[in-house]
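So this one's data-v9.txt, compact mmCIF, C-alpha atoms:
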```txt
# COMPACT_ATOMS: atom_id res chain seq x y z
CA MET A 1 45.39 -62.98 20.61
CA ASN A 2 42.85 -63.98 17.97
CA ASN A 3 42.84 -61.50 15.10
CA TRP A 4 39.15 -60.61 15.45
CA LYS A 5 39.74 -59.31 18.97
CA LYS A 6 41.98 -56.57 17.60
CA ASN A 7 38.98 -55.03 15.83
CA VAL A 8 36.57 -54.99 18.77
CA ARG A 9 35.43 -51.53 19.88
CA LYS A 10 36.37 -51.26 23.54
CA VAL A 11 34.47 -48.92 25.83
CA VAL A 12 33.85 -48.62 29.54
CA PRO A 13 30.08 -49.16 29.74
CA TYR A 14 27.53 -47.13 31.66
CA THR A 15 26.76 -48.60 35.08
CA PRO A 16 23.02 -48.51 35.79
CA GLY A 17 21.53 -48.49 39.26
CA GLU A 18 21.13 -51.87 40.88
CA GLN A 19 17.87 -53.69 40.19
CA PRO A 20 17.57 -56.13 43.11
CA GLN A 21 15.38 -59.16 42.46
CA CYS A 22 14.57 -59.95 46.08
CA ARG A 23 11.25 -58.98 47.65
CA ASN A 24 10.43 -56.86 50.68
CA ILE A 25 12.84 -54.09 49.82
CA ILE A 26 12.57 -50.33 49.70
CA LYS A 27 13.96 -49.28 46.34
CA LEU A 28 15.09 -45.65 46.31
CA ASN A 29 18.11 -45.94 44.03
CA THR A 30 17.04 -45.41 40.41
CA ASN A 31 14.63 -42.43 40.55
CA GLU A 32 11.59 -44.41 39.51
CA ASN A 33 8.21 -42.96 40.40
CA PRO A 34 6.70 -44.73 43.44
CA TYR A 35 3.17 -44.44 42.05
CA PRO A 36 1.60 -46.44 39.20
CA PRO A 37 1.01 -45.02 35.73
CA SER A 38 -2.29 -43.44 34.77
CA PRO A 39 -5.32 -45.78 35.00
CA LYS A 40 -5.79 -45.10 31.31
CA VAL A 41 -2.55 -47.00 30.68
CA PHE A 42 -3.96 -50.08 32.41
CA GLU A 43 -7.11 -49.80 30.30
CA VAL A 44 -4.94 -49.98 27.18
CA ILE A 45 -3.04 -52.98 28.51
CA LYS A 46 -6.26 -54.79 29.45
CA LYS A 47 -7.73 -54.28 25.97
CA PHE A 48 -4.52 -54.89 24.04
CA ASP A 49 -5.00 -57.21 21.08
CA SER A 50 -2.24 -59.81 21.26
CA ASP A 51 -2.60 -60.33 17.51
CA MET A 52 -0.74 -57.04 17.10
CA LEU A 53 2.42 -58.70 18.39
CA LYS A 54 2.70 -60.57 15.08
CA LYS A 55 2.94 -57.32 13.15
CA TYR A 56 5.47 -54.51 12.99
CA SER A 57 4.53 -51.39 14.88
CA ASP A 58 4.08 -48.00 13.23
CA PRO A 59 7.68 -46.84 12.58
CA SER A 60 6.60 -43.20 12.99
CA ALA A 61 4.78 -43.92 16.29
CA GLY A 62 2.18 -41.54 14.90
CA MET A 63 -0.39 -41.85 17.67
CA LEU A 64 2.17 -41.05 20.36
CA VAL A 65 3.73 -38.24 18.33
CA ASP A 66 0.30 -36.67 17.83
CA SER A 67 -0.52 -36.88 21.55
CA LEU A 68 2.77 -35.26 22.54
CA ALA A 69 2.44 -32.55 19.90
CA GLU A 70 -1.02 -31.66 21.20
CA PHE A 71 0.16 -31.76 24.83
CA HIS A 72 3.01 -29.32 24.16
CA GLY A 73 1.21 -27.21 21.58
CA VAL A 74 3.69 -27.85 18.76
CA GLY A 75 3.52 -29.36 15.29
CA ARG A 76 3.86 -33.13 14.94
CA ASP A 77 6.96 -32.51 12.82
CA MET A 78 8.61 -31.07 15.95
CA VAL A 79 8.45 -34.31 17.96
CA PHE A 80 10.81 -37.30 17.89
CA VAL A 81 10.13 -40.44 19.94
CA GLY A 82 12.40 -43.28 20.98
CA VAL A 83 12.85 -46.21 23.33
CA GLY A 84 13.46 -44.21 26.48
CA SER A 85 15.34 -40.92 26.61
CA ASP A 86 18.60 -42.90 26.45
CA ASP A 87 17.68 -43.96 22.92
CA VAL A 88 16.71 -40.39 22.04
CA LEU A 89 19.93 -38.97 23.46
CA GLY A 90 22.01 -41.64 21.73
CA MET A 91 20.39 -40.71 18.42
CA ALA A 92 21.13 -37.04 19.10
CA PHE A 93 24.81 -37.83 19.71
CA MET A 94 25.00 -39.79 16.45
CA THR A 95 23.12 -37.16 14.48
CA PHE A 96 24.55 -33.83 15.60
CA PHE A 97 28.00 -34.36 17.08
CA CYS A 98 30.00 -35.16 13.97
CA SER A 99 32.55 -32.34 13.80
CA GLU A 100 36.17 -32.47 14.95
CA LYS A 101 35.44 -29.94 17.67
CA PRO A 102 34.80 -31.25 21.20
CA ILE A 103 31.34 -31.33 22.68
CA PHE A 104 30.85 -29.86 26.18
CA PHE A 105 29.04 -31.24 29.21
CA PRO A 106 29.54 -30.98 33.00
CA ASP A 107 32.08 -33.08 34.89
CA ILE A 108 29.36 -34.21 37.31
CA THR A 109 26.23 -35.15 35.42
CA TYR A 110 24.41 -38.12 33.87
CA SER A 111 27.25 -40.59 33.38
CA PHE A 112 25.99 -41.89 30.04
CA TYR A 113 27.20 -38.77 28.21
CA ASP A 114 30.88 -39.67 28.25
CA VAL A 115 30.03 -43.29 27.40
CA TRP A 116 28.24 -42.22 24.21
CA ALA A 117 31.07 -39.86 23.35
CA GLU A 118 33.58 -42.69 23.70
CA LEU A 119 31.36 -45.17 21.85
CA PHE A 120 30.81 -42.89 18.88
CA LYS A 121 34.38 -41.52 19.01
CA ILE A 122 33.22 -37.95 19.62
CA PRO A 123 35.82 -35.60 21.12
CA TYR A 124 34.59 -34.02 24.35
CA GLU A 125 35.55 -31.74 27.22
CA VAL A 126 33.96 -31.80 30.64
CA LYS A 127 33.34 -28.49 32.38
CA ALA A 128 33.71 -28.47 36.15
CA LEU A 129 30.74 -27.51 38.27
CA ASP A 130 31.45 -24.74 40.76
CA GLU A 131 31.97 -25.35 44.48
CA ASP A 132 28.19 -25.42 44.99
CA PHE A 133 27.75 -28.02 42.22
CA LYS A 134 26.21 -25.47 39.85
CA ILE A 135 26.82 -25.22 36.11
CA ARG A 136 28.75 -22.13 35.07
CA LYS A 137 27.22 -20.74 31.90
CA GLU A 138 30.50 -18.98 31.04
CA ASP A 139 32.13 -22.37 30.41
CA TYR A 140 29.79 -23.00 27.48
CA LEU A 141 30.38 -19.79 25.53
CA PHE A 142 33.47 -21.07 23.70
CA ASP A 143 33.75 -22.69 20.27
CA ASN A 144 32.49 -26.30 20.40
CA GLY A 145 30.99 -29.18 18.47
CA GLY A 146 27.84 -29.37 20.59
CA ILE A 147 26.58 -29.02 24.16
CA VAL A 148 24.66 -31.37 26.46
CA ILE A 149 23.18 -30.15 29.74
CA ALA A 150 20.88 -32.07 32.06
CA ASN A 151 18.50 -29.60 33.67
CA PRO A 152 17.86 -30.14 36.52
CA ASN A 153 21.24 -31.81 36.70
CA ALA A 154 21.73 -35.35 37.97
CA PRO A 155 22.85 -36.46 40.46
CA THR A 156 23.04 -32.97 42.02
CA SER A 157 19.29 -32.16 41.65
CA ILE A 158 20.11 -28.49 40.93
CA GLU A 159 18.26 -26.40 38.36
CA MET A 160 19.93 -23.97 35.96
CA LYS A 161 17.91 -20.85 35.15
CA ALA A 162 16.18 -20.92 31.79
CA SER A 163 17.61 -17.47 31.03
CA ASP A 164 21.15 -18.85 31.44
CA ILE A 165 20.37 -21.74 29.12
CA GLU A 166 18.98 -19.32 26.54
CA GLU A 167 22.22 -17.34 26.70
CA ILE A 168 24.16 -20.54 25.95
CA VAL A 169 21.87 -21.50 23.06
CA ALA A 170 22.01 -18.01 21.56
CA ALA A 171 25.81 -17.90 21.82
CA ASN A 172 26.22 -21.20 19.93
CA PRO A 173 24.28 -20.90 16.65
CA ASP A 174 26.70 -23.23 14.87
CA SER A 175 26.24 -26.19 17.22
CA VAL A 176 23.28 -28.12 18.60
CA VAL A 177 22.48 -27.64 22.28
CA VAL A 178 20.74 -30.64 23.87
CA ILE A 179 18.88 -29.99 27.12
CA ASP A 180 18.03 -33.21 28.93
CA GLU A 181 14.87 -32.47 30.93
CA ALA A 182 14.36 -35.90 32.48
CA TYR A 183 13.36 -34.33 35.81
CA THR A 184 11.93 -30.95 34.87
CA ASP A 185 8.31 -31.89 35.69
CA PHE A 186 9.19 -32.00 39.39
CA GLY A 187 9.60 -28.26 39.78
CA SER A 188 12.04 -26.65 37.36
CA GLU A 189 11.38 -24.23 34.52
CA THR A 190 11.33 -25.92 31.13
CA VAL A 191 13.09 -24.40 28.13
CA LEU A 192 10.58 -25.86 25.68
CA PRO A 193 9.24 -22.38 24.77
CA LEU A 194 12.71 -21.52 23.44
CA VAL A 195 12.40 -24.17 20.72
CA GLU A 196 10.24 -21.82 18.65
CA ARG A 197 13.04 -19.23 18.58
CA TYR A 198 16.19 -21.35 18.21
CA ASP A 199 16.76 -23.91 15.47
CA ASN A 200 19.80 -25.35 17.30
CA LEU A 201 17.94 -26.37 20.48
CA LEU A 202 16.75 -29.92 21.21
CA VAL A 203 14.82 -30.64 24.42
CA VAL A 204 14.71 -34.28 25.55
CA ARG A 205 12.11 -35.76 27.92
CA THR A 206 11.27 -39.19 29.35
CA PHE A 207 8.24 -41.14 30.58
CA SER A 208 10.41 -42.98 33.12
CA LYS A 209 10.16 -40.45 35.95
CA SER A 210 7.11 -38.20 36.04
CA ARG A 211 4.88 -40.60 34.11
CA SER A 212 5.79 -43.75 36.10
CA MET A 213 6.61 -45.77 32.98
CA ALA A 214 10.31 -46.64 33.30
CA GLY A 215 9.61 -50.24 32.31
CA MET A 216 7.79 -49.25 29.13
CA ARG A 217 10.83 -47.37 27.73
CA ILE A 218 9.44 -44.20 26.17
CA GLY A 219 11.37 -41.00 25.54
CA TYR A 220 10.98 -38.09 23.18
CA ALA A 221 12.51 -34.84 21.98
CA VAL A 222 11.10 -31.52 20.82
CA GLY A 223 12.86 -29.29 18.32
CA GLN A 224 12.29 -27.44 15.09
CA PRO A 225 11.26 -29.58 12.11
CA GLU A 226 14.68 -29.62 10.46
CA ILE A 227 16.40 -30.92 13.58
CA ILE A 228 13.72 -33.59 14.09
CA LYS A 229 13.95 -34.71 10.46
CA ALA A 230 17.71 -35.14 10.81
CA MET A 231 17.20 -37.41 13.83
CA ASN A 232 14.53 -39.46 12.08
CA ASP A 233 16.82 -39.91 9.09
CA VAL A 234 19.48 -41.38 11.37
CA LYS A 235 16.97 -43.50 13.26
CA ASN A 236 15.55 -44.93 10.05
CA SER A 237 19.06 -45.76 8.90
CA TYR A 238 19.63 -47.69 12.11
CA ASN A 239 16.34 -49.25 13.27
CA SER A 240 12.96 -48.11 11.98
CA TYR A 241 10.74 -50.19 14.26
CA THR A 242 12.02 -49.06 17.64
CA MET A 243 8.79 -48.80 19.64
CA SER A 244 6.28 -51.56 20.29
CA HIS A 245 2.55 -51.28 19.65
CA LEU A 246 1.91 -51.45 23.38
CA ALA A 247 4.39 -48.68 24.20
CA ILE A 248 2.88 -46.39 21.57
CA LEU A 249 -0.70 -46.94 22.77
CA SER A 250 0.20 -46.75 26.46
CA GLY A 251 2.27 -43.62 26.01
CA ALA A 252 -0.51 -41.85 24.15
CA ALA A 253 -2.99 -42.80 26.88
CA SER A 254 -0.70 -41.46 29.60
CA VAL A 255 -0.28 -38.11 27.86
CA LYS A 256 -4.03 -37.65 27.62
CA ASP A 257 -4.56 -38.08 31.38
CA LYS A 258 -3.42 -34.62 32.44
CA GLN A 259 -5.23 -34.64 35.78
CA TYR A 260 -3.61 -37.85 37.03
CA PHE A 261 -0.22 -36.64 35.80
CA GLN A 262 -0.48 -33.42 37.78
CA GLU A 263 -1.79 -35.12 40.92
CA THR A 264 1.09 -37.60 40.94
CA LEU A 265 3.67 -34.85 40.49
CA GLU A 266 2.22 -32.94 43.43
CA ARG A 267 2.36 -36.02 45.65
CA VAL A 268 6.03 -36.58 44.87
CA ILE A 269 6.90 -32.92 45.44
CA ARG A 270 5.08 -32.81 48.80
CA THR A 271 6.92 -35.93 49.96
CA ARG A 272 10.25 -34.57 48.74
CA GLU A 273 9.89 -31.35 50.71
CA LYS A 274 8.62 -33.11 53.83
CA TYR A 275 11.47 -35.60 54.01
CA ALA A 276 14.16 -33.14 52.97
CA GLY A 277 13.25 -31.40 56.22
CA LYS A 278 13.40 -34.63 58.23
CA LEU A 279 16.80 -35.52 56.80
CA LYS A 280 18.14 -32.09 57.72
CA GLU A 281 17.00 -32.71 61.30
CA LEU A 282 19.21 -35.82 61.28
CA GLY A 283 22.30 -33.84 60.27
CA PHE A 284 22.11 -34.11 56.50
CA SER A 285 22.62 -31.17 54.17
CA MET A 286 21.57 -30.99 50.53
CA PRO A 287 20.86 -28.49 47.77
CA ASP A 288 17.26 -27.53 47.08
CA SER A 289 15.96 -30.23 44.77
CA SER A 290 14.02 -29.63 41.56
CA THR A 291 13.83 -33.38 40.90
CA ASN A 292 12.32 -36.54 42.38
CA PHE A 293 15.46 -37.26 44.42
CA LEU A 294 17.63 -35.76 47.15
CA PHE A 295 21.40 -35.38 46.91
CA ALA A 296 22.58 -35.48 50.50
CA THR A 297 25.69 -35.60 52.66
CA HIS A 298 25.90 -36.15 56.42
CA GLU A 299 27.84 -33.98 58.82
CA SER A 300 29.70 -36.87 60.45
CA VAL A 301 28.93 -40.30 58.96
CA PRO A 302 30.52 -41.19 55.58
CA ALA A 303 28.16 -41.65 52.66
CA GLU A 304 29.52 -45.07 51.74
CA GLU A 305 28.88 -46.36 55.26
CA ILE A 306 25.31 -45.09 55.16
CA PHE A 307 24.80 -46.69 51.76
CA ASN A 308 26.11 -50.09 52.90
CA ARG A 309 24.24 -50.14 56.19
CA LEU A 310 20.97 -49.20 54.53
CA ARG A 311 21.54 -51.95 52.00
CA ASP A 312 21.92 -54.42 54.87
CA LYS A 313 18.43 -53.33 55.92
CA ASN A 314 17.08 -53.92 52.37
CA ILE A 315 16.84 -50.20 51.67
CA TYR A 316 18.53 -49.33 48.38
CA ILE A 317 19.82 -45.83 47.62
CA ARG A 318 22.54 -44.71 45.16
CA TYR A 319 26.18 -44.07 45.97
CA PHE A 320 28.72 -42.77 43.46
CA LYS A 321 32.34 -43.50 44.29
CA LYS A 322 33.60 -40.62 42.20
CA PRO A 323 35.71 -37.51 42.83
CA ARG A 324 33.92 -34.62 44.57
CA ILE A 325 30.71 -36.56 45.20
CA ASP A 326 32.03 -39.63 47.05
CA ASN A 327 30.57 -38.37 50.31
CA TYR A 328 27.07 -37.90 48.92
CA ILE A 329 24.14 -40.26 48.56
CA ARG A 330 21.24 -39.93 46.15
CA ILE A 331 17.84 -40.85 47.52
CA SER A 332 14.88 -41.26 45.19
CA VAL A 333 11.61 -39.96 46.59
CA GLY A 334 9.36 -42.88 47.48
CA THR A 335 5.96 -42.99 49.09
CA ASP A 336 5.52 -41.39 52.52
CA GLU A 337 5.57 -44.86 54.05
CA GLU A 338 8.84 -45.78 52.32
CA MET A 339 10.46 -42.50 53.26
CA GLU A 340 9.38 -42.88 56.88
CA ARG A 341 10.98 -46.32 57.03
CA LEU A 342 14.14 -44.79 55.54
CA VAL A 343 14.20 -42.12 58.25
CA GLU A 344 13.75 -44.70 61.01
CA ALA A 345 16.59 -46.80 59.56
CA LEU A 346 18.82 -43.73 59.37
CA LYS A 347 18.12 -42.91 62.99
CA GLU A 348 19.38 -46.36 63.98
CA ILE A 349 22.47 -46.03 61.80
CA LEU A 350 23.35 -42.54 62.96
CA SER A 351 22.90 -43.37 66.63
```
Any chance you could put this one into structure tokens?
Amino acid sequence: MNNWKKNVRKVVPYTPGEQPQCRNIIKLNTNENPYPPSPKVFEVIKKFDSDMLKKYSDPSAGMLVDSLAEFHGVGRDMVFVGVGSDDVLGMAFMTFFCSEKPIFFPDITYSFYDVWAELFKIPYEVKALDEDFKIRKEDYLFDNGGIVIANPNAPTSIEMKASDIEEIVAANPDSVVVIDEAYTDFGSETVLPLVERYDNLLVVRTFSKSRSMAGMRIGYAVGQPEIIKAMNDVKNSYNSYTMSHLAILSGAASVKDKQYFQETLERVIRTREKYAGKLKELGFSMPDSSTNFLFATHESVPAEEIFNRLRDKNIYIRYFKKPRIDNYIRISVGTDEEMERLVEALKEILS
């Protein structure tokens, strides 16, 4: 073995959802929004001055920070932005989880959490969801080096009550509690109001789901000024110019279009509820979803078979070959037309 290979950091990487390059597919596997971003975003793109590409972007992303601060009714010093919520979460791991105590997160959740813990050599313990795939707040009331909870959780789609999260935050004043609210706009109760009362709470959001901007890579976090400053100090020690001019301008434009944002959310929620009912008629069962996806299992046909046969029909959903959830599929909510084609395909498969 060459000597340099002995010093390589070895990790098992995160496996993202498949991004097929072929056309004429129905893509319901990565929880993207089926509708386009706000028209105001396209106005920004149309008017974008290409001369700006020669210059560094604003390292503070001030325009976007100001828009988000106004939208949430907080000070600009309470907002951190990054290249997607993955970047924001990664910065949070690097910034706050530096003790010798293990951090806590669920055993079934966003599978990037354990990857970051391994990458940054952070000790961690996973806490098992109960038999109904719900987070048990009691598991997070022990001494720890930090806590990460996705709410609603993924891939289960289940919401944890804000009052339970507050109990966890209040019980852990010596560690930072990160609440990943990637899907909260689709029907769950946000814990953002708690930020004013707890200096150890960080709430992370993304533009990839509810704002239809997965390809633009915009994420952000809200917390008290001291916690945000700590993250910015780490970011500026790693890479100051993380966001492009176009992302900053487009993100700010999206935030300002509140009407379009709300209308799109309502369309997704209506479709989710409609097709959850149709799937149940076909023999599927699933928890009530507070997200833009359904986490479903069939009464007689294995999940992996359904996944493979749908793929043969150019319909892509997500399948996790993991303990406890290897008989479940995750279906992103598409347009009504896409979901109807999914149902028709499932009828053929199940017959």
Residues of range 189-241 of chain A at most 9 Å from range 70-90 of chain A: nearest atom pair and distance in Å, all atoms listed in the file, as a Markdown table:
```
| residue | atom | partner | partner_atom | distance |
| --- | --- | --- | --- | --- |
| A:Leu192 | CA | A:His72 | CA | 8.5 |
| A:Glu196 | CA | A:Val74 | CA | 8.9 |
| A:Val204 | CA | A:Ser85 | CA | 6.8 |
| A:Arg205 | CA | A:Ser85 | CA | 6.2 |
| A:Thr206 | CA | A:Ser85 | CA | 5.2 |
| A:Phe207 | CA | A:Gly84 | CA | 7.3 |
| A:Ser208 | CA | A:Gly84 | CA | 7.4 |
| A:Ala214 | CA | A:Gly84 | CA | 7.9 |
| A:Met216 | CA | A:Gly84 | CA | 8.0 |
| A:Arg217 | CA | A:Gly84 | CA | 4.3 |
| A:Ile218 | CA | A:Gly84 | CA | 4.0 |
| A:Gly219 | CA | A:Gly84 | CA | 3.9 |
| A:Tyr220 | CA | A:Val81 | CA | 4.1 |
| A:Ala221 | CA | A:Phe80 | CA | 5.1 |
| A:Val222 | CA | A:Val79 | CA | 4.8 |
| A:Gly223 | CA | A:Met78 | CA | 5.2 |
| A:Gln224 | CA | A:Met78 | CA | 5.2 |
| A:Pro225 | CA | A:Met78 | CA | 4.9 |
| A:Glu226 | CA | A:Met78 | CA | 8.3 |
| A:Ile227 | CA | A:Met78 | CA | 8.1 |
| A:Ile228 | CA | A:Met78 | CA | 6.0 |
| A:Lys229 | CA | A:Asp77 | CA | 7.7 |
| A:Met231 | CA | A:Phe80 | CA | 7.6 |
| A:Asn232 | CA | A:Phe80 | CA | 7.2 |
| A:Lys235 | CA | A:Gly82 | CA | 9.0 |
```
Include C-alpha atoms and write out the residues we just selected as a tab-separated table (two decimals), in the frame of the given file.
```
chain	number	residue	atom	x	y	z
A	192	LEU	CA	10.58	-25.86	25.68
A	196	GLU	CA	10.24	-21.82	18.65
A	204	VAL	CA	14.71	-34.28	25.55
A	205	ARG	CA	12.11	-35.76	27.92
A	206	THR	CA	11.27	-39.19	29.35
A	207	PHE	CA	8.24	-41.14	30.58
A	208	SER	CA	10.41	-42.98	33.12
A	214	ALA	CA	10.31	-46.64	33.30
A	216	MET	CA	7.79	-49.25	29.13
A	217	ARG	CA	10.83	-47.37	27.73
A	218	ILE	CA	9.44	-44.20	26.17
A	219	GLY	CA	11.37	-41.00	25.54
A	220	TYR	CA	10.98	-38.09	23.18
A	221	ALA	CA	12.51	-34.84	21.98
A	222	VAL	CA	11.10	-31.52	20.82
A	223	GLY	CA	12.86	-29.29	18.32
A	224	GLN	CA	12.29	-27.44	15.09
A	225	PRO	CA	11.26	-29.58	12.11
A	226	GLU	CA	14.68	-29.62	10.46
A	227	ILE	CA	16.40	-30.92	13.58
A	228	ILE	CA	13.72	-33.59	14.09
A	229	LYS	CA	13.95	-34.71	10.46
A	231	MET	CA	17.20	-37.41	13.83
A	232	ASN	CA	14.53	-39.46	12.08
A	235	LYS	CA	16.97	-43.50	13.26
```
If you count all atoms listed in the file, which residues fall within 9 Å of range 173-184 of chain A, apart from same-chain ones fewer than 6 positions away, as a VMD selection string?
chain A and resid 85 89 92 96 to 97 143 to 154 157 159 165 190 to 191 198 to 210 227 290 to 292
For the atom pair CA of Ala69 in chain A and CA of Arg211 in chain A, what is the interatomic distance in Å to one decimal place?
16.5 Å
With all atoms listed in the file counted and 12 Å as the cut-off, give the residues of range 159-206 of chain A in contact with range 247-264 of chain A, each with its shortest interatomic distance in Å and the pair that gives it, as a Markdown table.
```
| residue | atom | partner | partner_atom | distance |
| --- | --- | --- | --- | --- |
| A:Asp185 | CA | A:Gln262 | CA | 9.2 |
| A:Phe186 | CA | A:Gln262 | CA | 9.9 |
| A:Gly187 | CA | A:Gln262 | CA | 11.5 |
| A:Thr206 | CA | A:Gly251 | CA | 10.6 |
```
The residue from A:Leu119, A:Leu310, A:Met94, A:Val126 with the smallest atom-to-atom distance to Glu344 in chain A, counting all atoms listed in the file, is A:Leu310
First collect every listed atom of range 89-93 of chain A; then fit an axis-aligned box around them, widen it by 4 Å on each side, and give centre and edge lengths in Å to one decimal, as AutoDock Vina command-line options.
```
--center_x 22.4 --center_y -39.3 --center_z 20.9 --size_x 12.9 --size_y 12.6 --size_z 13.0
```
Between CA of Phe104 in chain A and CA of Ala230 in chain A lies a distance of 20.9 Å
Rounded to one decimal place, report the CA of Ile45 in chain A-CA of Ser67 in chain A distance in Å.
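CA of Ser67 in chain A lies at a distance of 17.7 Å from CA of Ile45 in chain A.
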Neighbours of Asp336 in chain A within 12 Å (only C-alpha atoms; same-chain residues fewer than 2 positions away dropped), as an MDAnalysis selection string?
chainID A and resid 26 34:35 267:276 278 332:334 338:343
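Here the question is which of A:Lys322, A:Lys40, A:Lys347, A:Lys280 gets nearest to Thr297 in chain A using only C-alpha atoms, and that residue is A:Lys280.
Distances here use all atoms listed in the file; by that measure, the residue among A:Ala117, A:Ala61, A:Gly215, A:Phe320 closest to Val11 in chain A is A:Ala117.
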Hey, which of A:Ala162, A:Ile122, A:Ile108, A:Leu194 ends up closest to Ile325 in chain A? Count only C-alpha atoms.
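Going through A:Ala162, A:Ile122, A:Ile108, A:Leu194 one by one, the smallest distance to Ile325 in chain A is for A:Ile108.
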Within 9 Å of (24.5, -50.0, 41.6) (coordinates as in the file), grab all the protein and nucleic acid residues, counting all atoms listed in the file, and write them out as a list in words.
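Taken together, the residues in range are Thr15, Pro16, Gly17, Glu18, Gln19, Asn29, Thr30, Ile317, Arg318, Tyr319 and Phe320 of chain A.
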For the point (36.0, -32.3, 28.5) in the file's frame, write as a compact mmCIF listing (two decimals) with C-alpha atoms, in the frame of the given file all residues with an atom no more than 10 Å away, counting only C-alpha atoms.
```txt
# COMPACT_ATOMS: atom_id res chain seq x y z
CA PRO A 102 34.80 -31.25 21.20
CA ILE A 103 31.34 -31.33 22.68
CA PHE A 104 30.85 -29.86 26.18
CA PHE A 105 29.04 -31.24 29.21
CA PRO A 106 29.54 -30.98 33.00
CA ASP A 107 32.08 -33.08 34.89
CA ASP A 114 30.88 -39.67 28.25
CA PRO A 123 35.82 -35.60 21.12
CA TYR A 124 34.59 -34.02 24.35
CA GLU A 125 35.55 -31.74 27.22
CA VAL A 126 33.96 -31.80 30.64
CA LYS A 127 33.34 -28.49 32.38
CA ALA A 128 33.71 -28.47 36.15
```
Determine the nearest neighbour of Trp116 in chain A from the options A:Met91, A:Met213, A:Arg309, A:Ile331, counting all atoms listed in the file.
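Of the candidates, the smallest distance to Trp116 in chain A is held by A:Met91.
Considering the residues A:Phe142, A:Phe133, A:Phe284, A:Phe120 and counting all atoms listed in the file, His298 in chain A has its shortest atom-to-atom contact with A:Phe284.
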